[in-house]
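A.B. asks: Quick one: structure below, then a few questions.
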Amino acid sequence: MESRGPTDEVLDLLFPPRCQVCDRLGSDLLCETCLEEVLFIGEHACACCGVPLRPTQRASQVCADCRGWRWISGARAAGLHAGALRAAIIRYKFDGRTRLVEPLAAMLVEVVRAEAERIGLPLGECAALVPVPLHPGRRSWRGFDQAELLCERTADEVGLPVWTDVIARIRNTTPQVNLRGASRLENVRGAFEARKAWKLRGRSVILVDDVFTTGATINECAAVLRRAGAVAVYGLTVSRTAPLWHPAAFTDVGDDAREAS
Ligand SMILES: [Zn+2]
Ligand SMILES: [Zn+2]
């Protein structure tokens, strides 16, 4: 039977497919040129938080920052928060280009699958994906929850449910990008509250967010979930800020004020 809806060809004529980052016509949502620019992290990373290690560091090493984490059991990100990946996240979050969730979630799926093979993120032991919660006010202002949408697109592929009801943001916080060091820890302290602790007891979960900056937010969420009974909490993000020794640490930082929202 013939479909009465517009065909894909007609839709393509009306809304030609284009890269959602550089606007190149006739491409995937994230074109090949943009994708080539993404600095994927790969295997040579801290065994705990997933930050890239210097070429001279041993692969199994844990970085200096990780000695300070009390609650995160491990964290992984697909790529560095620079260039096209950072641009893609900004457009996804602030320009309403929510279709970018597809290539971004695909990157998360890749990470989870690769890490399940190693021991970084023990997928088989994890019960659910948990989005880092947005404050309800910010959610309604933005119109969607970027972390929740990423979870929804990742969940089926990795075979885990999404739990949106185990942690809530009870206080709106200053965006972490506007703060430095210790004030980031202070800013998120007490901002979250666990719910339905019975779901968490004895379980391991994967916290999902778009960007891992200093880890203060994910660490605070992990603390709340662990105190409520979770045995392990892992962090999974699309990007993470580059370590200071990395050339990408000083590229296009802070040229988009919206990133601070
Ligand atoms: Zn592009
Ligand atoms: Zn580390």
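Following the order of the structure tokens, first chain is A, next is B, and so on, with residues numbered from 1 inside each chain and ligands from 1 in the order they appear.
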For ligand 2, list the contacting residues at 8 Å or closer, counting only C-alpha atoms and all ligand atoms, as a PDB file with C-alpha atoms, in the first residue's frame.
C.D. replies:
```pdb
ATOM      1  CA  ALA A  45      43.597   7.194  29.500  1.00  0.00           C
ATOM      2  CA  CYS A  46      43.472   7.207  33.294  1.00  0.00           C
ATOM      3  CA  ALA A  47      42.145   3.857  34.463  1.00  0.00           C
ATOM      4  CA  CYS A  48      39.777   5.671  36.822  1.00  0.00           C
ATOM      5  CA  CYS A  49      38.460   8.942  35.380  1.00  0.00           C
ATOM      6  CA  GLY A  50      39.327   8.393  31.720  1.00  0.00           C
ATOM      7  CA  VAL A  51      41.354  11.575  31.232  1.00  0.00           C
ATOM      8  CA  VAL A  62      45.613   6.554  37.665  1.00  0.00           C
ATOM      9  CA  CYS A  63      45.938  10.334  37.333  1.00  0.00           C
ATOM     10  CA  ALA A  64      46.642  12.718  40.208  1.00  0.00           C
ATOM     11  CA  ASP A  65      43.090  14.130  40.239  1.00  0.00           C
ATOM     12  CA  CYS A  66      41.582  10.735  40.870  1.00  0.00           C
ATOM     13  CA  ARG A  67      43.266  10.448  44.221  1.00  0.00           C
TER      14      ARG A  67
END
```
A.B. asks: Got a sec to tell me which of stretch 37-243 of chain A DSSP assigns to alpha helix (DSSP H), as a ChimeraX atom specification?
C.D. replies: /A:37,83-94,101-117,136-142,146-158,181-188,197-200,216-227
A.B. asks: Residues at most 9 Å from ligand 1, using only C-alpha atoms and all ligand atoms? Could they come as a VMD selection string?
C.D. replies: chain A and resid 18 to 25 27 to 35 84
A.B. asks: Using only C-alpha atoms, which residues of stretch 171-243 of chain A come within 10 Å of stretch 101-121 of chain A, and what is the closest atom pair for each, with the distance in Å to one decimal? Give it as CSV, sorted by chain and residue number.
C.D. replies:
```
residue,atom,partner,partner_atom,distance
A:Val205,CA,A:Leu121,CA,9.9
A:Ile206,CA,A:Leu121,CA,8.4
A:Val208,CA,A:Leu108,CA,9.2
A:Asp210,CA,A:Leu104,CA,8.9
A:Val233,CA,A:Leu121,CA,9.7
A:Tyr234,CA,A:Leu121,CA,7.0
A:Gly235,CA,A:Leu121,CA,8.8
A:Leu236,CA,A:Leu108,CA,7.4
A:Thr237,CA,A:Leu108,CA,7.2
A:Val238,CA,A:Leu108,CA,6.2
A:Ser239,CA,A:Leu104,CA,9.5
```
A.B. asks: Quick one: everything within 8 Å of A:Thr174, counting only C-alpha atoms, minus sequence neighbours fewer than 3 positions away in the same chain. Send it as a list in words.
C.D. replies: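 After dropping sequence-adjacent residues, the list is Asn178, Leu179 and Asn187 of chain A.
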A.B. asks: Write out as a PDB file with C-alpha atoms, in the first residue's frame each polymer residue whose atoms come within 9 Å of A:Cys151, counting only C-alpha atoms; drop sequence neighbours fewer than 3 positions from it.
C.D. replies:
```
ATOM      1  CA  ALA A 105      24.491   9.060  21.729  1.00  0.00           C
ATOM      2  CA  LEU A 129      21.631   4.772  33.122  1.00  0.00           C
ATOM      3  CA  VAL A 130      20.874   7.791  35.316  1.00  0.00           C
ATOM      4  CA  PRO A 131      20.872  11.275  33.752  1.00  0.00           C
ATOM      5  CA  GLN A 146      20.029  17.123  27.334  1.00  0.00           C
ATOM      6  CA  ALA A 147      21.280  14.360  29.615  1.00  0.00           C
ATOM      7  CA  GLU A 148      17.940  12.553  29.711  1.00  0.00           C
ATOM      8  CA  THR A 154      21.735   5.158  24.441  1.00  0.00           C
ATOM      9  CA  ALA A 155      19.646   2.856  26.621  1.00  0.00           C
ATOM     10  CA  PRO A 161      16.872   1.056  31.416  1.00  0.00           C
ATOM     11  CA  VAL A 162      16.908   4.801  32.191  1.00  0.00           C
ATOM     12  CA  VAL A 208      25.207  10.303  32.150  1.00  0.00           C
ATOM     13  CA  ASP A 209      25.870  13.949  31.272  1.00  0.00           C
TER      14      ASP A 209
END
```
A.B. asks: Report, in Å with one decimal, the straight-line distance from atom CA of A:Leu80 to atom CA of A:Val231.
C.D. replies: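 These two atoms are separated by 28.3 Å.
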A.B. asks: With distances taken over only C-alpha atoms, which of A:Val188, A:Val10, A:Ala230, A:Leu149 is nearest to A:Ile218?
C.D. replies: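 Closest to A:Ile218, using only C-alpha atoms: A:Val188.
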A.B. asks: Which residue out of A:Leu200, A:Leu244, A:Ala191, A:Leu207 has the minimum interatomic distance to A:His135 when only C-alpha atoms are used?
C.D. replies: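 Distance minimum relative to A:His135 lands on A:Ala191.
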A.B. asks: Near A:Ile41, within 7 Å and counting only C-alpha atoms, which residues show up once chain neighbours fewer than 3 positions away are dropped, as a list in words?
C.D. replies: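 After dropping sequence-adjacent residues, the list is Pro52, Ala78, Gly79 and Leu80 of chain A.
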A.B. asks: Check the DSSP output for the backbone and give back, as a PyMOL selection string, the residues of stretch 9-230 of chain A in strand (DSSP E or B).
C.D. replies: chain A and resi 18+25+40+45+52+74-80+126-131+162+167-169+192-194+204-212
A.B. asks: Which distance in Å separates atom CA of A:Lys196 and atom CA of A:Asp165, to one decimal?
C.D. replies: 7.1 Å
A.B. asks: Rank nothing, just name the residue among A:Phe94, A:Phe250, A:Phe15, A:Trp163 nearest to A:Arg138, using only C-alpha atoms.
C.D. replies: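 Comparing A:Phe94, A:Phe250, A:Phe15, A:Trp163 against A:Arg138, the winner is A:Phe94.
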A.B. asks: Between A:Ala77, A:Ala87, A:Arg139, A:Arg70, which has the minimum distance to A:Val224 (counting only C-alpha atoms)?
C.D. replies: A:Arg70
A.B. asks: So, with only C-alpha atoms as the atoms that count, which of A:Asn172, A:Asn219, A:Thr214, A:Ser204 lies closest to A:Gly124?
C.D. replies: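 Of A:Asn172, A:Asn219, A:Thr214, A:Ser204, the one nearest A:Gly124 is A:Ser204, counting only C-alpha atoms.
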